[in-house]
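The structure file run_26.pdb is reproduced below (PDB, C-alpha atoms and all ligand atoms).
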```pdb
ATOM      1  CA  MET A   1     -57.004 -28.576 -13.663
ATOM      2  CA  ALA A   2     -58.836 -26.353 -11.177
ATOM      3  CA  ASP A   3     -56.834 -25.596  -8.030
ATOM      4  CA  THR A   4     -58.533 -27.887  -5.491
ATOM      5  CA  TRP A   5     -57.705 -25.871  -2.431
ATOM      6  CA  GLN A   6     -58.790 -22.578  -3.982
ATOM      7  CA  MET A   7     -62.340 -23.903  -4.273
ATOM      8  CA  VAL A   8     -62.184 -24.960  -0.620
ATOM      9  CA  MET A   9     -60.795 -21.566   0.401
ATOM     10  CA  ASP A  10     -63.551 -19.778  -1.506
ATOM     11  CA  HIS A  11     -66.057 -21.675   0.635
ATOM     12  CA  ALA A  12     -64.128 -20.746   3.787
ATOM     13  CA  VAL A  13     -64.293 -17.053   2.893
ATOM     14  CA  ALA A  14     -68.023 -17.250   2.169
ATOM     15  CA  VAL A  15     -68.843 -19.110   5.391
ATOM     16  CA  ALA A  16     -66.571 -16.832   7.470
ATOM     17  CA  ARG A  17     -68.432 -13.798   6.151
ATOM     18  CA  LYS A  18     -71.813 -15.423   6.902
ATOM     19  CA  ALA A  19     -70.607 -16.396  10.383
ATOM     20  CA  GLY A  20     -69.419 -12.831  10.949
ATOM     21  CA  GLN A  21     -72.869 -11.529  10.090
ATOM     22  CA  VAL A  22     -74.393 -13.871  12.699
ATOM     23  CA  VAL A  23     -71.863 -12.622  15.277
ATOM     24  CA  CYS A  24     -72.573  -8.961  14.522
ATOM     25  CA  GLU A  25     -76.335  -9.512  14.701
ATOM     26  CA  ALA A  26     -75.906 -11.260  18.067
ATOM     27  CA  LEU A  27     -74.177  -8.148  19.440
ATOM     28  CA  SER A  28     -77.554  -6.397  19.551
ATOM     29  CA  HIS A  29     -79.033  -9.141  21.748
ATOM     30  CA  ASP A  30     -78.336 -10.312  25.283
ATOM     31  CA  ARG A  31     -75.461 -12.766  25.349
ATOM     32  CA  SER A  32     -75.750 -15.721  27.733
ATOM     33  CA  VAL A  33     -72.232 -16.064  29.146
ATOM     34  CA  MET A  34     -70.820 -19.399  30.314
ATOM     35  CA  THR A  35     -67.298 -20.307  31.466
ATOM     36  CA  LYS A  36     -64.856 -23.081  30.511
ATOM     37  CA  SER A  37     -61.359 -23.536  31.998
ATOM     38  CA  SER A  38     -61.616 -20.585  34.378
ATOM     39  CA  ALA A  39     -64.000 -17.865  35.524
ATOM     40  CA  VAL A  40     -62.578 -15.619  32.803
ATOM     41  CA  ASP A  41     -62.467 -18.185  29.966
ATOM     42  CA  LEU A  42     -65.825 -17.255  28.463
ATOM     43  CA  VAL A  43     -68.112 -18.901  25.902
ATOM     44  CA  THR A  44     -71.583 -18.002  24.631
ATOM     45  CA  GLN A  45     -74.319 -19.776  22.724
ATOM     46  CA  THR A  46     -73.285 -17.688  19.714
ATOM     47  CA  ASP A  47     -69.773 -19.257  19.768
ATOM     48  CA  GLN A  48     -71.387 -22.709  19.729
ATOM     49  CA  LYS A  49     -74.024 -21.795  17.109
ATOM     50  CA  VAL A  50     -71.478 -20.221  14.748
ATOM     51  CA  GLU A  51     -69.083 -23.179  15.008
ATOM     52  CA  GLN A  52     -71.901 -25.582  14.132
ATOM     53  CA  LEU A  53     -72.969 -23.336  11.223
ATOM     54  CA  ILE A  54     -69.423 -23.506   9.809
ATOM     55  CA  ILE A  55     -69.002 -27.253  10.386
ATOM     56  CA  GLN A  56     -72.384 -28.190   8.893
ATOM     57  CA  SER A  57     -71.759 -26.085   5.797
ATOM     58  CA  VAL A  58     -68.385 -27.784   5.273
ATOM     59  CA  LYS A  59     -69.715 -31.302   5.864
ATOM     60  CA  GLU A  60     -72.270 -30.771   3.059
ATOM     61  CA  LYS A  61     -69.594 -29.814   0.518
ATOM     62  CA  PHE A  62     -66.519 -31.708   1.779
ATOM     63  CA  PRO A  63     -67.801 -34.753   3.714
ATOM     64  CA  THR A  64     -64.345 -36.347   4.146
ATOM     65  CA  HIS A  65     -62.761 -33.321   5.793
ATOM     66  CA  ARG A  66     -61.953 -33.290   9.503
ATOM     67  CA  PHE A  67     -62.388 -30.539  12.093
ATOM     68  CA  ILE A  68     -60.701 -29.061  15.115
ATOM     69  CA  GLY A  69     -63.125 -26.513  16.546
ATOM     70  CA  GLU A  70     -62.687 -24.597  19.770
ATOM     71  CA  GLU A  71     -66.144 -25.377  21.097
ATOM     72  CA  SER A  72     -66.182 -28.970  19.759
ATOM     73  CA  VAL A  73     -62.939 -29.622  21.666
ATOM     74  CA  ALA A  74     -64.456 -27.945  24.743
ATOM     75  CA  ALA A  75     -67.364 -30.393  24.397
ATOM     76  CA  GLY A  76     -64.975 -33.360  24.383
ATOM     77  CA  ASP A  77     -63.791 -33.830  20.784
ATOM     78  CA  THR A  78     -60.130 -34.779  20.446
ATOM     79  CA  CYS A  79     -57.590 -32.145  19.348
ATOM     80  CA  ILE A  80     -55.368 -34.296  17.152
ATOM     81  CA  LEU A  81     -54.007 -33.028  13.830
ATOM     82  CA  THR A  82     -53.787 -35.743  11.159
ATOM     83  CA  GLU A  83     -52.600 -35.625   7.544
ATOM     84  CA  ASP A  84     -56.233 -35.396   6.404
ATOM     85  CA  PRO A  85     -57.679 -32.087   5.174
ATOM     86  CA  THR A  86     -58.639 -30.380   8.440
ATOM     87  CA  TRP A  87     -60.578 -27.207   9.253
ATOM     88  CA  ILE A  88     -59.244 -25.472  12.365
ATOM     89  CA  ILE A  89     -62.017 -23.202  13.581
ATOM     90  CA  ASP A  90     -62.340 -20.439  16.145
ATOM     91  CA  PRO A  91     -65.943 -19.284  15.672
ATOM     92  CA  ILE A  92     -65.425 -16.143  17.741
ATOM     93  CA  ASP A  93     -61.828 -15.210  18.435
ATOM     94  CA  GLY A  94     -62.207 -12.521  21.075
ATOM     95  CA  THR A  95     -65.151 -13.990  22.940
ATOM     96  CA  THR A  96     -64.528 -11.713  25.932
ATOM     97  CA  ASN A  97     -64.554  -8.761  23.524
ATOM     98  CA  PHE A  98     -67.843 -10.072  22.068
ATOM     99  CA  VAL A  99     -69.404 -10.311  25.546
ATOM    100  CA  HIS A 100     -68.327  -6.724  26.326
ATOM    101  CA  SER A 101     -68.901  -5.299  22.811
ATOM    102  CA  PHE A 102     -65.191  -4.407  22.638
ATOM    103  CA  PRO A 103     -64.796  -3.847  18.886
ATOM    104  CA  PHE A 104     -62.265  -6.525  17.867
ATOM    105  CA  ILE A 105     -63.986  -9.823  17.082
ATOM    106  CA  ALA A 106     -62.878 -12.355  14.445
ATOM    107  CA  VAL A 107     -63.994 -15.592  12.824
ATOM    108  CA  SER A 108     -60.788 -17.587  12.270
ATOM    109  CA  ILE A 109     -60.568 -20.567   9.900
ATOM    110  CA  GLY A 110     -57.280 -22.358   9.192
ATOM    111  CA  PHE A 111     -57.090 -25.300   6.777
ATOM    112  CA  THR A 112     -54.327 -27.928   6.918
ATOM    113  CA  VAL A 113     -53.328 -30.797   4.648
ATOM    114  CA  ASN A 114     -50.541 -33.123   5.749
ATOM    115  CA  ARG A 115     -50.394 -31.005   8.921
ATOM    116  CA  GLN A 116     -49.394 -27.909   6.882
ATOM    117  CA  VAL A 117     -51.579 -24.800   6.714
ATOM    118  CA  GLU A 118     -52.776 -24.483   3.098
ATOM    119  CA  PHE A 119     -54.933 -21.389   3.644
ATOM    120  CA  GLY A 120     -55.989 -19.068   6.448
ATOM    121  CA  VAL A 121     -59.053 -16.841   6.703
ATOM    122  CA  VAL A 122     -59.600 -14.298   9.487
ATOM    123  CA  TYR A 123     -62.723 -12.164   9.233
ATOM    124  CA  SER A 124     -62.636  -9.149  11.547
ATOM    125  CA  CYS A 125     -66.377  -8.735  11.374
ATOM    126  CA  LEU A 126     -66.889  -5.344  13.039
ATOM    127  CA  GLU A 127     -64.179  -3.832  10.825
ATOM    128  CA  ASP A 128     -65.474  -5.800   7.798
ATOM    129  CA  LYS A 129     -61.861  -6.817   7.044
ATOM    130  CA  MET A 130     -61.383 -10.216   5.371
ATOM    131  CA  PHE A 131     -57.774 -11.327   5.870
ATOM    132  CA  THR A 132     -56.764 -14.238   3.649
ATOM    133  CA  ALA A 133     -53.643 -16.180   2.695
ATOM    134  CA  ARG A 134     -52.915 -19.186   0.450
ATOM    135  CA  ARG A 135     -49.598 -20.974   0.978
ATOM    136  CA  GLY A 136     -47.126 -19.557  -1.522
ATOM    137  CA  LYS A 137     -49.581 -17.018  -2.917
ATOM    138  CA  GLY A 138     -49.390 -14.038  -0.555
ATOM    139  CA  ALA A 139     -51.601 -12.492   2.102
ATOM    140  CA  PHE A 140     -54.402 -10.001   1.574
ATOM    141  CA  CYS A 141     -56.942  -7.810   3.369
ATOM    142  CA  ASN A 142     -60.114  -7.290   1.347
ATOM    143  CA  GLY A 143     -58.057  -8.225  -1.718
ATOM    144  CA  GLU A 144     -55.242  -5.723  -1.071
ATOM    145  CA  PRO A 145     -51.752  -7.260  -0.599
ATOM    146  CA  LEU A 146     -50.318  -7.273   2.937
ATOM    147  CA  GLN A 147     -46.676  -6.626   3.819
ATOM    148  CA  VAL A 148     -45.093  -6.719   7.286
ATOM    149  CA  SER A 149     -43.247  -3.721   8.734
ATOM    150  CA  GLU A 150     -39.661  -3.164   7.561
ATOM    151  CA  GLN A 151     -38.574  -2.039  11.039
ATOM    152  CA  THR A 152     -35.469  -3.873  12.362
ATOM    153  CA  ASP A 153     -35.018  -1.895  15.594
ATOM    154  CA  VAL A 154     -37.115  -3.258  18.459
ATOM    155  CA  HIS A 155     -36.823   0.130  20.204
ATOM    156  CA  GLN A 156     -38.823   1.646  17.310
ATOM    157  CA  SER A 157     -41.489  -1.067  17.479
ATOM    158  CA  ILE A 158     -44.978  -1.780  18.786
ATOM    159  CA  ILE A 159     -45.329  -5.231  20.318
ATOM    160  CA  ALA A 160     -48.694  -6.975  20.809
ATOM    161  CA  THR A 161     -49.507  -9.496  23.497
ATOM    162  CA  GLU A 162     -52.382 -10.562  25.732
ATOM    163  CA  PHE A 163     -52.829 -11.417  29.399
ATOM    164  CA  GLY A 164     -54.785 -14.566  28.423
ATOM    165  CA  SER A 165     -57.335 -16.424  30.504
ATOM    166  CA  SER A 166     -55.102 -18.156  33.063
ATOM    167  CA  ARG A 167     -55.103 -16.632  36.525
ATOM    168  CA  ASP A 168     -52.609 -19.166  37.889
ATOM    169  CA  PRO A 169     -50.269 -17.028  40.051
ATOM    170  CA  GLU A 170     -47.055 -18.393  38.536
ATOM    171  CA  ALA A 171     -48.340 -17.946  34.985
ATOM    172  CA  VAL A 172     -49.478 -14.402  35.794
ATOM    173  CA  ASP A 173     -46.063 -13.610  37.313
ATOM    174  CA  ARG A 174     -44.290 -14.824  34.168
ATOM    175  CA  ILE A 175     -46.705 -12.901  31.906
ATOM    176  CA  PHE A 176     -45.986  -9.681  33.793
ATOM    177  CA  CYS A 177     -42.243 -10.399  33.940
ATOM    178  CA  SER A 178     -42.172 -10.710  30.125
ATOM    179  CA  LEU A 179     -44.285  -7.571  29.768
ATOM    180  CA  ARG A 180     -41.990  -5.585  32.069
ATOM    181  CA  ASN A 181     -38.880  -6.799  30.223
ATOM    182  CA  ILE A 182     -40.264  -5.870  26.806
ATOM    183  CA  LEU A 183     -41.752  -2.534  27.878
ATOM    184  CA  GLY A 184     -38.410  -1.647  29.480
ATOM    185  CA  LEU A 185     -36.282  -2.298  26.359
ATOM    186  CA  PRO A 186     -37.889   0.174  25.682
ATOM    187  CA  VAL A 187     -40.327  -0.317  22.843
ATOM    188  CA  HIS A 188     -42.619   2.392  21.479
ATOM    189  CA  GLY A 189     -45.653   0.597  22.907
ATOM    190  CA  VAL A 190     -47.427  -2.617  23.823
ATOM    191  CA  ARG A 191     -50.904  -3.297  22.440
ATOM    192  CA  GLY A 192     -53.461  -6.097  22.466
ATOM    193  CA  ALA A 193     -56.635  -6.412  20.410
ATOM    194  CA  GLY A 194     -57.972  -9.142  22.720
ATOM    195  CA  THR A 195     -57.818 -11.686  19.910
ATOM    196  CA  ALA A 196     -54.746 -13.591  18.747
ATOM    197  CA  ALA A 197     -56.032 -13.763  15.178
ATOM    198  CA  ILE A 198     -56.423  -9.997  14.826
ATOM    199  CA  ASN A 199     -53.099  -9.376  16.600
ATOM    200  CA  MET A 200     -51.442 -11.589  13.964
ATOM    201  CA  CYS A 201     -53.271  -9.790  11.153
ATOM    202  CA  MET A 202     -51.895  -6.530  12.555
ATOM    203  CA  VAL A 203     -48.368  -7.983  12.281
ATOM    204  CA  ALA A 204     -49.160  -8.988   8.674
ATOM    205  CA  SER A 205     -50.530  -5.482   8.004
ATOM    206  CA  GLY A 206     -47.305  -3.822   9.222
ATOM    207  CA  CYS A 207     -48.883  -1.780  12.046
ATOM    208  CA  VAL A 208     -47.403  -4.002  14.776
ATOM    209  CA  GLU A 209     -43.859  -5.427  14.559
ATOM    210  CA  ALA A 210     -44.449  -8.557  16.655
ATOM    211  CA  TYR A 211     -47.035 -10.468  18.666
ATOM    212  CA  TYR A 212     -46.270 -13.098  21.294
ATOM    213  CA  GLU A 213     -48.410 -15.058  23.722
ATOM    214  CA  ILE A 214     -48.317 -18.162  25.907
ATOM    215  CA  GLY A 215     -51.685 -19.830  26.471
ATOM    216  CA  ILE A 216     -53.294 -19.533  23.053
ATOM    217  CA  HIS A 217     -54.694 -22.576  21.235
ATOM    218  CA  ILE A 218     -54.258 -23.959  17.714
ATOM    219  CA  TRP A 219     -57.636 -22.518  16.654
ATOM    220  CA  ASP A 220     -56.530 -19.000  17.715
ATOM    221  CA  VAL A 221     -53.393 -18.970  15.558
ATOM    222  CA  ALA A 222     -53.608 -21.508  12.695
ATOM    223  CA  ALA A 223     -55.097 -19.082  10.167
ATOM    224  CA  GLY A 224     -53.085 -16.087  11.376
ATOM    225  CA  SER A 225     -49.802 -17.997  11.198
ATOM    226  CA  LEU A 226     -50.088 -18.342   7.416
ATOM    227  CA  ILE A 227     -51.309 -14.756   6.983
ATOM    228  CA  VAL A 228     -48.168 -13.545   8.810
ATOM    229  CA  SER A 229     -45.749 -15.766   6.869
ATOM    230  CA  GLU A 230     -47.341 -14.970   3.515
ATOM    231  CA  ALA A 231     -47.048 -11.247   4.344
ATOM    232  CA  GLY A 232     -43.283 -11.778   4.747
ATOM    233  CA  GLY A 233     -43.203 -12.359   8.500
ATOM    234  CA  VAL A 234     -41.674 -15.091  10.639
ATOM    235  CA  LEU A 235     -43.096 -17.473  13.249
ATOM    236  CA  MET A 236     -41.299 -19.213  16.064
ATOM    237  CA  ASP A 237     -41.779 -20.794  19.456
ATOM    238  CA  ILE A 238     -41.329 -18.685  22.580
ATOM    239  CA  ASP A 239     -37.854 -20.259  23.018
ATOM    240  CA  GLY A 240     -36.776 -19.382  19.470
ATOM    241  CA  GLY A 241     -37.366 -22.858  18.053
ATOM    242  CA  ASP A 242     -39.783 -23.816  15.323
ATOM    243  CA  MET A 243     -43.421 -22.832  15.844
ATOM    244  CA  ASP A 244     -45.547 -25.800  16.988
ATOM    245  CA  LEU A 245     -49.250 -25.122  16.493
ATOM    246  CA  MET A 246     -50.160 -27.473  19.353
ATOM    247  CA  SER A 247     -47.686 -25.989  21.881
ATOM    248  CA  ARG A 248     -49.886 -23.021  22.989
ATOM    249  CA  ARG A 249     -46.883 -20.713  22.558
ATOM    250  CA  ILE A 250     -46.150 -18.359  19.676
ATOM    251  CA  VAL A 251     -44.066 -15.451  18.430
ATOM    252  CA  ALA A 252     -45.160 -13.854  15.146
ATOM    253  CA  ALA A 253     -42.934 -11.029  13.899
ATOM    254  CA  ASN A 254     -42.026  -8.942  10.858
ATOM    255  CA  ASN A 255     -38.512 -10.388  10.750
ATOM    256  CA  LYS A 256     -36.146 -12.790  12.522
ATOM    257  CA  LYS A 257     -34.142 -10.020  14.199
ATOM    258  CA  ILE A 258     -37.165  -8.583  16.012
ATOM    259  CA  ALA A 259     -38.507 -12.076  16.809
ATOM    260  CA  GLU A 260     -35.228 -13.232  18.376
ATOM    261  CA  ARG A 261     -34.919  -9.979  20.354
ATOM    262  CA  ILE A 262     -38.398 -10.490  21.812
ATOM    263  CA  VAL A 263     -37.653 -14.153  22.652
ATOM    264  CA  LYS A 264     -34.752 -13.032  24.879
ATOM    265  CA  GLU A 265     -37.167 -11.091  27.117
ATOM    266  CA  ILE A 266     -39.925 -13.695  27.524
ATOM    267  CA  SER A 267     -40.197 -15.595  30.796
ATOM    268  CA  ALA A 268     -41.291 -18.879  29.240
ATOM    269  CA  PHE A 269     -43.617 -21.516  30.632
ATOM    270  CA  SER A 270     -45.400 -24.458  29.042
ATOM    271  CA  PRO A 271     -49.166 -24.869  29.431
ATOM    272  CA  PRO A 272     -50.534 -28.369  28.712
ATOM    273  CA  ARG A 273     -50.362 -28.879  24.920
ATOM    274  CA  ASP A 274     -53.565 -28.829  22.876
ATOM    275  CA  ASP A 275     -52.935 -32.471  21.886
ATOM    276  CA  SER A 276     -52.239 -33.618  25.468
ATOM    277  CA  PRO A 277     -54.497 -36.443  26.666
ATOM    278  CA  PRO A 278     -57.383 -35.078  28.748
ATOM    279  CA  PRO A 279     -56.783 -35.106  32.527
ATOM    280  CA  LYS A 280     -58.167 -38.291  34.107
TER     281      LYS A 280
HETATM  282  C1  LIG B 301     -58.674 -15.631  22.915
HETATM  283  C2  LIG B 301     -57.325 -15.437  22.237
HETATM  284  C3  LIG B 301     -56.469 -14.444  22.997
HETATM  285  C4  LIG B 301     -56.267 -14.925  24.418
HETATM  286  C5  LIG B 301     -57.606 -15.093  25.112
HETATM  287  C6  LIG B 301     -58.526 -16.060  24.349
HETATM  288  P1  LIG B 301     -60.973 -16.827  22.351
HETATM  289  O1  LIG B 301     -59.379 -16.605  22.192
HETATM  290  O2  LIG B 301     -57.537 -14.972  20.928
HETATM  291  O3  LIG B 301     -55.220 -14.301  22.378
HETATM  292  O4  LIG B 301     -55.472 -13.992  25.125
HETATM  293  O5  LIG B 301     -57.384 -15.602  26.411
HETATM  294  O6  LIG B 301     -57.964 -17.341  24.405
HETATM  295  O7  LIG B 301     -61.130 -17.622  23.614
HETATM  296  O8  LIG B 301     -61.618 -15.514  22.457
HETATM  297  O9  LIG B 301     -61.363 -17.622  21.140
END
```
Once you've parsed the file, please lay out its structure as structure tokens.
Ligand code: LIP
Amino acid sequence: MADTWQMVMDHAVAVARKAGQVVCEALSHDRSVMTKSSAVDLVTQTDQKVEQLIIQSVKEKFPTHRFIGEESVAAGDTCILTEDPTWIIDPIDGTTNFVHSFPFIAVSIGFTVNRQVEFGVVYSCLEDKMFTARRGKGAFCNGEPLQVSEQTDVHQSIIATEFGSSRDPEAVDRIFCSLRNILGLPVHGVRGAGTAAINMCMVASGCVEAYYEIGIHIWDVAAGSLIVSEAGGVLMDIDGGDMDLMSRRIVAANNKKIAERIVKEISAFSPPRDDSPPPK
């Protein structure tokens, strides 16, 4: 019997590539920039157009599937993960990069069944790198297998993180406290692509030992979480517990030793969960 989810994943890869082409074409036009949760939480008409392109193409082929899309949630859709087959979509991960033509921009599509990620697709469209993973079947970039770094010494590592889009003073203080702690271990370096999805693909590719961030959303990390684990990496919450896709906190690393070492240095805080009821 044909593998049901493989057929679905094949569609995800095709629509991610098409979406990436729309994003790249939009780079040569003026981008109308709007804001969401803060003056630095940006969105453009291209984000909205690409999300609708993906959703409409899926509805035609898989009419019973559900969606959690960044811009649909921003427009008021609920962010509740059920057991139903669900597409978790970030149409442009790295929207700020897109607005500024900073060359790391990804279309990220995660797919869950029974609340478990069955496949992840991250298309880094300016690099033309299609990162994919099926649960239990490995992770790949343009068809080549991915393997995390074998490094076990955090002092010989590169760590990725982001400053995020919160400018709340306490959150900013904690972000810089964590950054200072990790930089001072010392580590070889700290990097950030400006997109959670590509940061996680860099962990899966072995060029970064770990990525952590507080403030991300499920659509930023759902696809990348499977790509990391299928490349041999580990995922956990900022406090060392199990990763919770709705918690807005993540550590993705090449191995448990590096992950747990990073956790010790993070000044943790808890943004409102993605599945929290909207403020009244
Ligand atoms: C981005 C994330 C990134 C985070 C940014 C932003 P977006 O997603 O990928 O990790 O630091 O604040 O949330 O908004 O570009 O889809």
Expected answer as an mmCIF file with C-alpha atoms, keeping the file's coordinate frame: residues within 9 Å of ligand LIG 301 (chain B), all atoms listed in the file:
```cif
data_model
loop_
_atom_site.group_PDB
_atom_site.id
_atom_site.type_symbol
_atom_site.label_atom_id
_atom_site.label_comp_id
_atom_site.auth_asym_id
_atom_site.auth_seq_id
_atom_site.Cartn_x
_atom_site.Cartn_y
_atom_site.Cartn_z
ATOM 1 C CA VAL A 40 -62.578 -15.619 32.803
ATOM 2 C CA ASP A 41 -62.467 -18.185 29.966
ATOM 3 C CA LEU A 42 -65.825 -17.255 28.463
ATOM 4 C CA VAL A 43 -68.112 -18.901 25.902
ATOM 5 C CA ASP A 47 -69.773 -19.257 19.768
ATOM 6 C CA GLU A 70 -62.687 -24.597 19.770
ATOM 7 C CA ASP A 90 -62.340 -20.439 16.145
ATOM 8 C CA PRO A 91 -65.943 -19.284 15.672
ATOM 9 C CA ILE A 92 -65.425 -16.143 17.741
ATOM 10 C CA ASP A 93 -61.828 -15.210 18.435
ATOM 11 C CA GLY A 94 -62.207 -12.521 21.075
ATOM 12 C CA THR A 95 -65.151 -13.990 22.940
ATOM 13 C CA THR A 96 -64.528 -11.713 25.932
ATOM 14 C CA ASN A 97 -64.554 -8.761 23.524
ATOM 15 C CA PHE A 98 -67.843 -10.072 22.068
ATOM 16 C CA ILE A 105 -63.986 -9.823 17.082
ATOM 17 C CA ALA A 106 -62.878 -12.355 14.445
ATOM 18 C CA VAL A 107 -63.994 -15.592 12.824
ATOM 19 C CA SER A 108 -60.788 -17.587 12.270
ATOM 20 C CA THR A 161 -49.507 -9.496 23.497
ATOM 21 C CA GLU A 162 -52.382 -10.562 25.732
ATOM 22 C CA PHE A 163 -52.829 -11.417 29.399
ATOM 23 C CA GLY A 164 -54.785 -14.566 28.423
ATOM 24 C CA SER A 165 -57.335 -16.424 30.504
ATOM 25 C CA SER A 166 -55.102 -18.156 33.063
ATOM 26 C CA GLY A 192 -53.461 -6.097 22.466
ATOM 27 C CA ALA A 193 -56.635 -6.412 20.410
ATOM 28 C CA GLY A 194 -57.972 -9.142 22.720
ATOM 29 C CA THR A 195 -57.818 -11.686 19.910
ATOM 30 C CA ALA A 196 -54.746 -13.591 18.747
ATOM 31 C CA ALA A 197 -56.032 -13.763 15.178
ATOM 32 C CA ILE A 198 -56.423 -9.997 14.826
ATOM 33 C CA ASN A 199 -53.099 -9.376 16.600
ATOM 34 C CA GLU A 213 -48.410 -15.058 23.722
ATOM 35 C CA ILE A 214 -48.317 -18.162 25.907
ATOM 36 C CA GLY A 215 -51.685 -19.830 26.471
ATOM 37 C CA ILE A 216 -53.294 -19.533 23.053
ATOM 38 C CA HIS A 217 -54.694 -22.576 21.235
ATOM 39 C CA TRP A 219 -57.636 -22.518 16.654
ATOM 40 C CA ASP A 220 -56.530 -19.000 17.715
ATOM 41 C CA VAL A 221 -53.393 -18.970 15.558
#
```
Chain and number of each residue from the PyMOL selection byres (((chain A and resi 228) around 8) and not hetatm), as a count of residues only
20
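Going from CA of Arg66 in chain A over to CA of Pro85 in chain A, you cover 6.2 Å.
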Within 7 Å of Ala160 in chain A using all atoms listed in the file, minus same-chain residues under 5 positions, as a list in words:
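Neighbouring residues, sequence-local ones excluded: Val190, Arg191, Gly192, Asn199, Val208, Ala210, Tyr211 and Tyr212 of chain A.
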Please identify all polymer residues lying at most 8 Å from the point (-55.4, -32.7, 18.2) (file coordinates), using only C-alpha atoms, and present the result as an NGL selection string.
:A and (68 or 78-82 or 246 or 274-276)
I need the residues from that last selection saved to file as a PDB file, keeping the file's coordinate frame (with C-alpha atoms), if you can.
```pdb
ATOM      1  CA  ILE A  68     -60.701 -29.061  15.115  1.00  0.00           C
ATOM      2  CA  THR A  78     -60.130 -34.779  20.446  1.00  0.00           C
ATOM      3  CA  CYS A  79     -57.590 -32.145  19.348  1.00  0.00           C
ATOM      4  CA  ILE A  80     -55.368 -34.296  17.152  1.00  0.00           C
ATOM      5  CA  LEU A  81     -54.007 -33.028  13.830  1.00  0.00           C
ATOM      6  CA  THR A  82     -53.787 -35.743  11.159  1.00  0.00           C
ATOM      7  CA  MET A 246     -50.160 -27.473  19.353  1.00  0.00           C
ATOM      8  CA  ASP A 274     -53.565 -28.829  22.876  1.00  0.00           C
ATOM      9  CA  ASP A 275     -52.935 -32.471  21.886  1.00  0.00           C
ATOM     10  CA  SER A 276     -52.239 -33.618  25.468  1.00  0.00           C
TER      11      SER A 276
END
```
Near Gly136 in chain A, within 9 Å and counting all atoms listed in the file, which residues show up once chain neighbours fewer than 2 positions away are dropped, as a PDB file with C-alpha atoms, in the coordinates of the input?
```
ATOM      1  CA  GLU A 118     -52.776 -24.483   3.098  1.00  0.00           C
ATOM      2  CA  ALA A 133     -53.643 -16.180   2.695  1.00  0.00           C
ATOM      3  CA  ARG A 134     -52.915 -19.186   0.450  1.00  0.00           C
ATOM      4  CA  GLY A 138     -49.390 -14.038  -0.555  1.00  0.00           C
ATOM      5  CA  GLU A 230     -47.341 -14.970   3.515  1.00  0.00           C
TER       6      GLU A 230
END
```
Between CA of Ala16 in chain A and CA of Val33 in chain A, what is the spacing in Å?
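The value is 22.4 Å.
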Residues near Ser149 in chain A, anyone? I mean within 7 Å using only C-alpha atoms, not counting same-chain ones fewer than 3 positions away, as a list in words.
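Skipping anything fewer than 3 positions along the chain leaves Gly206, Cys207, Glu209 and Asn254 of chain A.
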Could you list as a PyMOL selection string every residue that has an atom within 12 Å of (-41.6, -21.2, 17.6), using the file's coordinates and counting only C-alpha atoms?
chain A and resi 212-214+225+234-253+256+259-260+262-263+268
Atomic separation - CA of Phe131 in chain A relative to CA of Glu144 in chain A, Å:
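Pair CA of Glu144 in chain A / CA of Phe131 in chain A returns 9.3 Å.
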List as a list in words the protein and nucleic acid residues near Ala14 in chain A, meaning an atom at most 12 Å away when all atoms listed in the file are counted, but skip any in the same chain fewer than 6 places from it.
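Here the qualifying residues turn out to be Met7, Val8, Gly20, Gln21, Leu53, Ile54, Ser57, Val58, Val107, Ile109, Val121, Val122, Tyr123, Met130 and Thr132 of chain A.
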Put those residues in a file: C-alpha atoms, as a compact mmCIF listing (two decimals), keeping the file's coordinate frame.
```
# COMPACT_ATOMS: atom_id res chain seq x y z
CA MET A 7 -62.34 -23.90 -4.27
CA VAL A 8 -62.18 -24.96 -0.62
CA GLY A 20 -69.42 -12.83 10.95
CA GLN A 21 -72.87 -11.53 10.09
CA LEU A 53 -72.97 -23.34 11.22
CA ILE A 54 -69.42 -23.51 9.81
CA SER A 57 -71.76 -26.08 5.80
CA VAL A 58 -68.39 -27.78 5.27
CA VAL A 107 -63.99 -15.59 12.82
CA ILE A 109 -60.57 -20.57 9.90
CA VAL A 121 -59.05 -16.84 6.70
CA VAL A 122 -59.60 -14.30 9.49
CA TYR A 123 -62.72 -12.16 9.23
CA MET A 130 -61.38 -10.22 5.37
CA THR A 132 -56.76 -14.24 3.65
```
Looking at all atoms listed in the file, which of A:Val117, A:Cys125, A:Gln6, A:Thr44 is the one that sits closest to Val22 in chain A?
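For Val22 in chain A, the nearest of the given residues is A:Cys125.
The protein and nucleic acid residues lying at most 8 Å from His65 in chain A are Val58, Lys59, Phe62, Pro63, Phe67, Asp84, Pro85, Thr86 and Trp87 of chain A, with all atoms listed in the file considered and sequence neighbours fewer than 2 positions away removed.
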